[in-house]
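Undergrad: File follows, model33.txt with compact mmCIF, C-alpha atoms and all ligand atoms:
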# COMPACT_ATOMS: atom_id res chain seq x y z
CA MET B 1 -37.08 -6.79 -7.61
CA ALA B 2 -34.82 -5.48 -10.38
CA ALA B 3 -31.20 -6.64 -10.23
CA LYS B 4 -28.74 -4.01 -9.06
CA PRO B 5 -26.87 -2.68 -12.11
CA VAL B 6 -23.18 -3.62 -12.16
CA ASP B 7 -21.00 -0.57 -11.59
CA ARG B 8 -18.25 -0.76 -14.23
CA ARG B 9 -16.79 2.67 -13.51
CA ALA B 10 -12.98 2.67 -13.11
CA ARG B 11 -12.07 3.08 -9.44
CA ARG B 12 -10.18 6.13 -8.29
CA LEU B 13 -6.93 5.37 -6.46
CA VAL B 14 -4.85 7.64 -4.25
CA VAL B 15 -1.41 6.13 -3.55
CA LEU B 16 0.67 7.19 -0.53
CA VAL B 17 4.49 6.87 -0.62
CA SER B 18 7.54 7.76 1.48
CA GLY B 19 10.43 6.51 -0.60
CA SER B 20 11.52 5.07 -3.89
CA GLY B 21 8.01 4.27 -5.11
CA THR B 22 8.72 1.12 -7.12
CA ASN B 23 5.36 -0.34 -6.06
CA LEU B 24 3.69 2.87 -7.26
CA GLN B 25 5.63 2.55 -10.54
CA ALA B 26 4.39 -1.02 -10.98
CA LEU B 27 0.80 0.25 -10.66
CA LEU B 28 1.44 3.15 -13.05
CA ASP B 29 3.07 0.82 -15.60
CA GLU B 30 0.30 -1.76 -15.43
CA ILE B 31 -2.44 0.85 -15.82
CA ALA B 32 -0.58 2.45 -18.76
CA ALA B 33 -0.09 -0.94 -20.42
CA THR B 34 -3.57 -2.36 -19.79
CA GLY B 35 -5.62 0.82 -19.97
CA VAL B 36 -7.76 2.33 -17.21
CA ALA B 37 -10.96 0.62 -18.31
CA ALA B 38 -9.48 -2.88 -18.53
CA TYR B 39 -7.46 -2.58 -15.31
CA GLY B 40 -10.49 -1.11 -13.56
CA ALA B 41 -8.71 1.72 -11.76
CA GLU B 42 -6.71 4.88 -12.29
CA ILE B 43 -4.28 6.70 -10.01
CA VAL B 44 -5.80 10.15 -9.48
CA ALA B 45 -3.18 11.44 -7.01
CA VAL B 46 -0.03 10.47 -5.12
CA GLY B 47 0.56 11.75 -1.59
CA ALA B 48 3.66 11.72 0.61
CA ASP B 49 4.82 12.68 4.09
CA ARG B 50 8.07 14.20 2.79
CA ASP B 51 9.32 15.88 -0.35
CA GLY B 52 12.27 15.20 -2.60
CA ILE B 53 11.55 11.49 -2.92
CA GLU B 54 11.66 9.36 -6.04
CA GLY B 55 8.08 8.24 -5.43
CA LEU B 56 6.82 11.80 -6.03
CA ALA B 57 9.11 12.21 -9.07
CA ARG B 58 7.63 9.02 -10.55
CA ALA B 59 4.11 10.45 -10.16
CA GLU B 60 5.13 13.77 -11.70
CA ARG B 61 6.75 12.04 -14.69
CA SER B 62 3.44 10.24 -15.26
CA GLY B 63 1.46 13.47 -15.01
CA VAL B 64 -0.28 12.43 -11.78
CA PRO B 65 -1.04 15.25 -9.28
CA THR B 66 0.90 15.06 -6.00
CA PHE B 67 0.58 16.46 -2.49
CA VAL B 68 2.80 16.43 0.60
CA ARG B 69 1.69 16.62 4.22
CA LYS B 70 4.61 16.58 6.68
CA VAL B 71 4.05 15.75 10.35
CA LYS B 72 6.42 18.53 11.44
CA ASP B 73 4.26 21.19 9.77
CA TYR B 74 1.38 20.52 12.20
CA GLY B 75 1.04 21.23 15.91
CA THR B 76 -0.12 17.72 16.77
CA ARG B 77 -0.18 14.31 15.17
CA GLU B 78 -4.00 14.53 15.09
CA GLU B 79 -3.87 17.76 13.09
CA TRP B 80 -1.48 16.13 10.61
CA ASP B 81 -3.76 13.10 10.35
CA ALA B 82 -6.80 15.30 9.65
CA ALA B 83 -4.85 17.30 7.05
CA LEU B 84 -3.68 14.11 5.33
CA ALA B 85 -7.26 12.78 5.33
CA GLU B 86 -8.52 16.05 3.85
CA ALA B 87 -5.86 16.06 1.11
CA VAL B 88 -6.71 12.46 0.18
CA ALA B 89 -10.48 13.12 0.31
CA ALA B 90 -10.09 16.05 -2.11
CA HIS B 91 -9.34 13.46 -4.82
CA GLU B 92 -12.47 11.43 -4.01
CA PRO B 93 -10.77 8.02 -4.00
CA ASP B 94 -12.54 4.68 -3.97
CA LEU B 95 -9.38 3.02 -2.66
CA VAL B 96 -6.29 4.41 -0.93
CA VAL B 97 -3.06 2.43 -1.28
CA SER B 98 -0.15 2.75 1.13
CA ALA B 99 2.84 1.67 -0.99
CA GLY B 100 5.86 2.17 1.23
CA PHE B 101 4.16 4.97 3.20
CA MET B 102 6.11 4.90 6.47
CA LYS B 103 3.59 6.64 8.76
CA ILE B 104 0.80 5.23 10.90
CA VAL B 105 -2.43 7.07 10.20
CA GLY B 106 -4.81 8.09 12.98
CA LYS B 107 -8.50 8.01 13.90
CA GLU B 108 -9.72 10.66 11.50
CA PHE B 109 -8.04 9.05 8.50
CA LEU B 110 -9.43 5.61 9.40
CA ALA B 111 -12.91 7.03 10.03
CA ARG B 112 -12.92 8.30 6.45
CA PHE B 113 -11.04 5.54 4.64
CA GLY B 114 -11.33 2.45 6.85
CA GLY B 115 -12.31 -0.60 4.80
CA ARG B 116 -10.82 0.92 1.65
CA PHE B 117 -7.26 1.61 2.78
CA VAL B 118 -4.81 -1.04 1.55
CA ASN B 119 -1.21 -1.45 2.73
CA THR B 120 1.65 -3.57 1.47
CA HIS B 121 4.13 -4.91 4.02
CA PRO B 122 7.46 -6.70 3.41
CA ALA B 123 6.88 -9.74 5.67
CA LEU B 124 4.37 -12.53 6.17
CA LEU B 125 2.00 -10.96 8.71
CA PRO B 126 1.25 -11.44 11.53
CA SER B 127 5.02 -12.08 11.79
CA PHE B 128 7.32 -9.07 11.77
CA PRO B 129 4.96 -6.07 11.65
CA GLY B 130 6.28 -2.51 11.86
CA ALA B 131 8.91 -0.48 10.08
CA HIS B 132 11.62 -3.20 9.84
CA GLY B 133 9.81 -6.27 8.51
CA VAL B 134 12.76 -7.54 6.45
CA ARG B 135 15.44 -6.95 9.08
CA ASP B 136 13.30 -8.46 11.84
CA ALA B 137 12.60 -11.65 9.85
CA LEU B 138 16.35 -12.09 9.26
CA ALA B 139 17.22 -11.37 12.89
CA TYR B 140 14.72 -14.02 13.96
CA GLY B 141 16.29 -16.57 11.62
CA ALA B 142 13.14 -17.15 9.55
CA ARG B 143 13.77 -19.41 6.53
CA VAL B 144 10.85 -18.02 4.55
CA THR B 145 9.44 -14.53 4.55
CA GLY B 146 7.60 -12.50 1.92
CA CYS B 147 4.99 -9.79 1.62
CA THR B 148 1.41 -9.16 2.70
CA VAL B 149 -1.22 -6.93 1.13
CA HIS B 150 -3.87 -6.13 3.74
CA PHE B 151 -6.54 -3.65 4.76
CA VAL B 152 -5.41 -1.16 7.39
CA ASP B 153 -7.12 -1.10 10.78
CA ASP B 154 -6.19 0.77 13.96
CA GLY B 155 -3.30 -1.55 14.85
CA VAL B 156 0.18 -1.74 13.34
CA ASP B 157 -0.10 -4.09 10.33
CA THR B 158 -2.96 -6.01 11.99
CA GLY B 159 -5.81 -5.55 9.49
CA PRO B 160 -7.50 -8.28 7.40
CA ILE B 161 -5.12 -9.98 4.96
CA ILE B 162 -5.98 -9.87 1.26
CA ALA B 163 -3.02 -11.78 -0.24
CA GLN B 164 0.50 -12.92 0.58
CA GLY B 165 3.61 -13.90 -1.39
CA VAL B 166 6.42 -16.13 -0.11
CA VAL B 167 10.17 -15.57 -0.56
CA GLU B 168 12.92 -17.93 0.67
CA VAL B 169 15.69 -16.60 2.86
CA ARG B 170 19.18 -17.51 1.60
CA ASP B 171 22.29 -17.90 3.76
CA GLU B 172 23.96 -14.99 1.97
CA ASP B 173 21.09 -12.69 2.96
CA TYR B 174 22.85 -12.27 6.30
CA GLU B 175 25.82 -10.66 4.57
CA ASP B 176 24.11 -7.42 3.48
CA GLU B 177 21.56 -6.99 6.29
CA GLY B 178 18.69 -7.94 4.05
CA VAL B 179 19.22 -5.54 1.15
CA ALA B 180 19.12 -8.28 -1.51
CA LEU B 181 16.33 -10.10 0.34
CA HIS B 182 14.21 -6.93 0.35
CA GLU B 183 14.79 -6.58 -3.41
CA ARG B 184 13.60 -10.17 -3.97
CA ILE B 185 10.57 -9.49 -1.75
CA LYS B 186 9.78 -6.33 -3.70
CA GLU B 187 9.80 -8.26 -7.00
CA VAL B 188 7.06 -10.50 -5.62
CA GLU B 189 5.33 -7.61 -3.83
CA ARG B 190 4.95 -5.41 -6.91
CA LYS B 191 3.20 -8.19 -8.86
CA LEU B 192 1.01 -9.05 -5.88
CA LEU B 193 -0.04 -5.43 -5.31
CA VAL B 194 -0.85 -4.87 -8.99
CA ASP B 195 -2.90 -8.07 -9.04
CA VAL B 196 -4.76 -7.36 -5.77
CA VAL B 197 -5.59 -3.72 -6.46
CA GLY B 198 -6.90 -4.61 -9.93
CA ARG B 199 -9.08 -7.42 -8.58
CA LEU B 200 -10.47 -5.26 -5.75
CA ALA B 201 -11.26 -2.52 -8.26
CA ARG B 202 -12.79 -4.72 -10.95
CA ASN B 203 -14.66 -7.25 -8.87
CA GLY B 204 -15.57 -5.48 -5.65
CA TYR B 205 -15.06 -7.10 -2.24
CA ARG B 206 -16.47 -7.72 1.23
CA ILE B 207 -14.61 -7.80 4.52
CA GLU B 208 -16.15 -10.49 6.77
CA GLY B 209 -14.32 -10.26 10.08
CA ARG B 210 -10.76 -11.30 9.26
CA LYS B 211 -11.66 -12.65 5.86
CA VAL B 212 -11.55 -10.62 2.65
CA VAL B 213 -13.81 -11.94 -0.09
CA ILE B 214 -13.13 -10.61 -3.57
CA GLN B 215 -16.31 -11.14 -5.58
C1 LIG B 301 7.99 -2.00 0.27
O1 LIG B 301 8.73 -3.19 0.42
C2 LIG B 301 6.89 -1.93 1.33
O2 LIG B 301 6.38 -3.17 1.68
C3 LIG B 301 7.65 -1.33 2.49
O3 LIG B 301 8.43 -0.34 1.92
C4 LIG B 301 8.81 -0.77 0.60
C5 LIG B 301 8.56 0.37 -0.35
O4 LIG B 301 9.19 0.17 -1.57
N1 LIG B 301 6.74 -0.84 3.48
C6 LIG B 301 6.94 -0.96 4.78
O5 LIG B 301 7.95 -1.44 5.27
C7 LIG B 301 5.81 -0.44 5.64
N2 LIG B 301 5.93 -0.93 6.97
P1 LIG B 301 8.93 1.16 -2.78
O6 LIG B 301 9.00 2.59 -2.22
O7 LIG B 301 10.03 0.88 -3.74
O8 LIG B 301 7.58 0.85 -3.33
For this file, write the structure as structure tokens.
TA:
Amino acid sequence: MAAKPVDRRARRLVVLVSGSGTNLQALLDEIAATGVAAYGAEIVAVGADRDGIEGLARAERSGVPTFVRKVKDYGTREEWDAALAEAVAAHEPDLVVSAGFMKIVGKEFLARFGGRFVNTHPALLPSFPGAHGVRDALAYGARVTGCTVHFVDDGVDTGPIIAQGVVEVRDEDYEDEGVALHERIKEVERKLLVDVVGRLARNGYRIEGRKVVIQ
């Protein structure tokens, strides 16, 4: 039997944001510096659940098309989820990256993008899932925390882990409710996300139960 030809096409990425978009910027910068072909992926669109955010401005400055789907503009959460899925699908992504996207997607979105929807979270999962990963790690008194890049499943931050980065908690982190700690986590997180997305795109991957194998 003839060997399957290797698919060297650059992967299409849609990135979802809700805030400052520094993880998105790290991806944009890396792709601009390395080139689409060498990095193995390009950002074809950036989506958000709100307007007026720096994440969308960053996309616009880079000439990347944007779209916004706000929950409040739809009658039900399911309708919003379907509209978000449709807007993402219009850009025919190979991978969808949630980079500070602060909404939980629903059934329709996962039916279309499950297994190719990557999230980055500011804690060492399975500890401290949810919207306040940094604050919750501090409140618990953890001495190390960090970030996790993982595939999204139908739980809250429960999907298969791709990679993690560790950050030490300092005594002074209690003085500013984790602001400086989150900045140190984000420094590690941006590098991790850029590395993981590039490897997924260039090498391909399999998800075997809880284990992610990058080929
Ligand atoms: C990142 O630290 C990301 O892990 C976090 O929001 C930040 C976004 O930063 N996401 C979550 O907390 C999701 N639960 P950015 O907008 O500067 O990329």
Undergrad: Please provide as number ranges by chain all residues within 7 Å of segment 88-98 of chain B, with the sequence filter that same-chain residues fewer than 6 positions apart are discarded (counting all atoms listed in the file).
TA: B: 11-17, 44-45, 116-120
Undergrad: Which chain B residues have any atom within 9 Å of an atom of ligand LIG 301 (chain B), and for each, what is the nearest pair of atoms with distance in Å to one decimal, counting all atoms listed in the file, rows sorted by chain and number, as CSV?
TA:
residue,atom,partner,partner_atom,distance
B:Val17,CA,B:LIG301,O6,6.4
B:Ser18,CA,B:LIG301,O6,6.5
B:Gly19,CA,B:LIG301,O6,4.5
B:Ser20,CA,B:LIG301,O6,3.9
B:Gly21,CA,B:LIG301,O6,3.5
B:Thr22,CA,B:LIG301,O7,3.6
B:Asn23,CA,B:LIG301,O8,3.7
B:Leu24,CA,B:LIG301,O8,5.9
B:Gln25,CA,B:LIG301,O8,7.7
B:Ala26,CA,B:LIG301,O8,8.5
B:Glu54,CA,B:LIG301,O6,8.2
B:Gly55,CA,B:LIG301,O6,6.6
B:Ser98,CA,B:LIG301,N1,8.1
B:Ala99,CA,B:LIG301,O8,5.3
B:Gly100,CA,B:LIG301,C5,3.6
B:Phe101,CA,B:LIG301,C7,6.2
B:Met102,CA,B:LIG301,C7,5.4
B:Lys103,CA,B:LIG301,C7,8.0
B:Ile104,CA,B:LIG301,N2,8.9
B:Asn119,CA,B:LIG301,C7,7.7
B:Thr120,CA,B:LIG301,O2,4.8
B:His121,CA,B:LIG301,O2,3.7
B:Pro122,CA,B:LIG301,O2,4.1
B:Ala123,CA,B:LIG301,O2,7.7
B:Pro129,CA,B:LIG301,N2,7.0
B:Gly130,CA,B:LIG301,N2,5.2
B:Ala131,CA,B:LIG301,N2,4.3
B:His132,CA,B:LIG301,O5,6.1
B:Gly133,CA,B:LIG301,O5,6.1
B:Val134,CA,B:LIG301,O5,7.9
B:Cys147,CA,B:LIG301,O2,6.8
B:Thr148,CA,B:LIG301,O2,7.8
B:Val149,CA,B:LIG301,O2,8.5
B:Val156,CA,B:LIG301,N2,8.6
B:Asp157,CA,B:LIG301,N2,7.6
B:His182,CA,B:LIG301,O1,6.6
B:Glu183,CA,B:LIG301,O1,7.9
B:Ile185,CA,B:LIG301,O1,6.9
B:Lys186,CA,B:LIG301,O1,5.3
B:Glu189,CA,B:LIG301,O1,7.0
B:Arg190,CA,B:LIG301,O8,7.7
Undergrad: Kindly indicate which residue among B:Ala85, B:Ile214, B:Ile31, B:Ala37 lies nearest to Val105 of chain B, using only C-alpha atoms for the distances.
TA: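 Among B:Ala85, B:Ile214, B:Ile31, B:Ala37, it is B:Ala85 that comes nearest to Val105 of chain B.
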Undergrad: Any idea what's packed within 8 Å of Arg210 of chain B, counting only C-alpha atoms, ignoring anything in its chain fewer than 4 positions away? Could you give it as a list in words?
TA: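 So the residues in contact are Gly159, Pro160 and Ile161 of chain B.
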Undergrad: Under the rule that all atoms listed in the file are counted, which of B:Arg135, B:Arg58, B:Arg206, B:Lys191 is the nearest residue to Asp173 of chain B?
TA: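 Comparing B:Arg135, B:Arg58, B:Arg206, B:Lys191 against Asp173 of chain B, the winner is B:Arg135.
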Undergrad: To one decimal in Å, tell me the separation between atom CA of Val212 of chain B and atom CA of Leu84 of chain B.
TA: 26.1 Å
Undergrad: Just how far from atom CA of Ala57 of chain B is atom CA of Phe113 of chain B, in Å to one decimal?
TA: 25.3 Å
Undergrad: Interatomic distance between atom CA of Trp80 of chain B and atom CA of Lys107 of chain B?
TA: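 Atom-to-atom, atom CA of Trp80 of chain B and atom CA of Lys107 of chain B are spaced 11.2 Å apart.
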Undergrad: So which one's closest to Pro126 of chain B, B:Thr145, B:Ala111, B:Asp29, B:Gly40? Using all atoms listed in the file, please.
TA: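 The closest residue to Pro126 of chain B is B:Thr145.
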Undergrad: For each of B:Asp51, B:Glu42, B:Glu30, B:Glu78, take the minimum atom-to-atom distance to Arg9 of chain B, counting only C-alpha atoms, then give the residue where this is smallest.
TA: B:Glu42
Undergrad: Check the smallest atom-to-atom distance from each of B:Gly178, B:Gly114, B:Pro65, B:Gly155 to Gly141 of chain B using all atoms listed in the file, then report the winner.
TA: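 For Gly141 of chain B, the nearest of the candidates is B:Gly178.
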Undergrad: Using all atoms listed in the file, find the one residue out of B:Arg50, B:His150, B:Lys70, B:Arg143 that sits nearest to Asp171 of chain B.
TA: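 For Asp171 of chain B, the nearest of the candidates is B:Arg143.
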Undergrad: Taking the point (-1.6, 15.1, 8.5) as given in the file, collect each protein or nucleic acid residue that comes within 10 Å of it, counting all atoms listed in the file, and present the set as number ranges by chain.
TA: B: 49, 68-87, 103, 105-106, 108-109
Undergrad: Is it possible to get the axis-aligned box enclosing segment 12-30 of chain B (all listed atoms, 6 Å extra per side) as AutoDock Vina command-line options, with centre and edge lengths in Å rounded to one decimal?
TA:
--center_x 0.7 --center_y 3.0 --center_z -7.1 --size_x 33.7 --size_y 21.5 --size_z 29.1
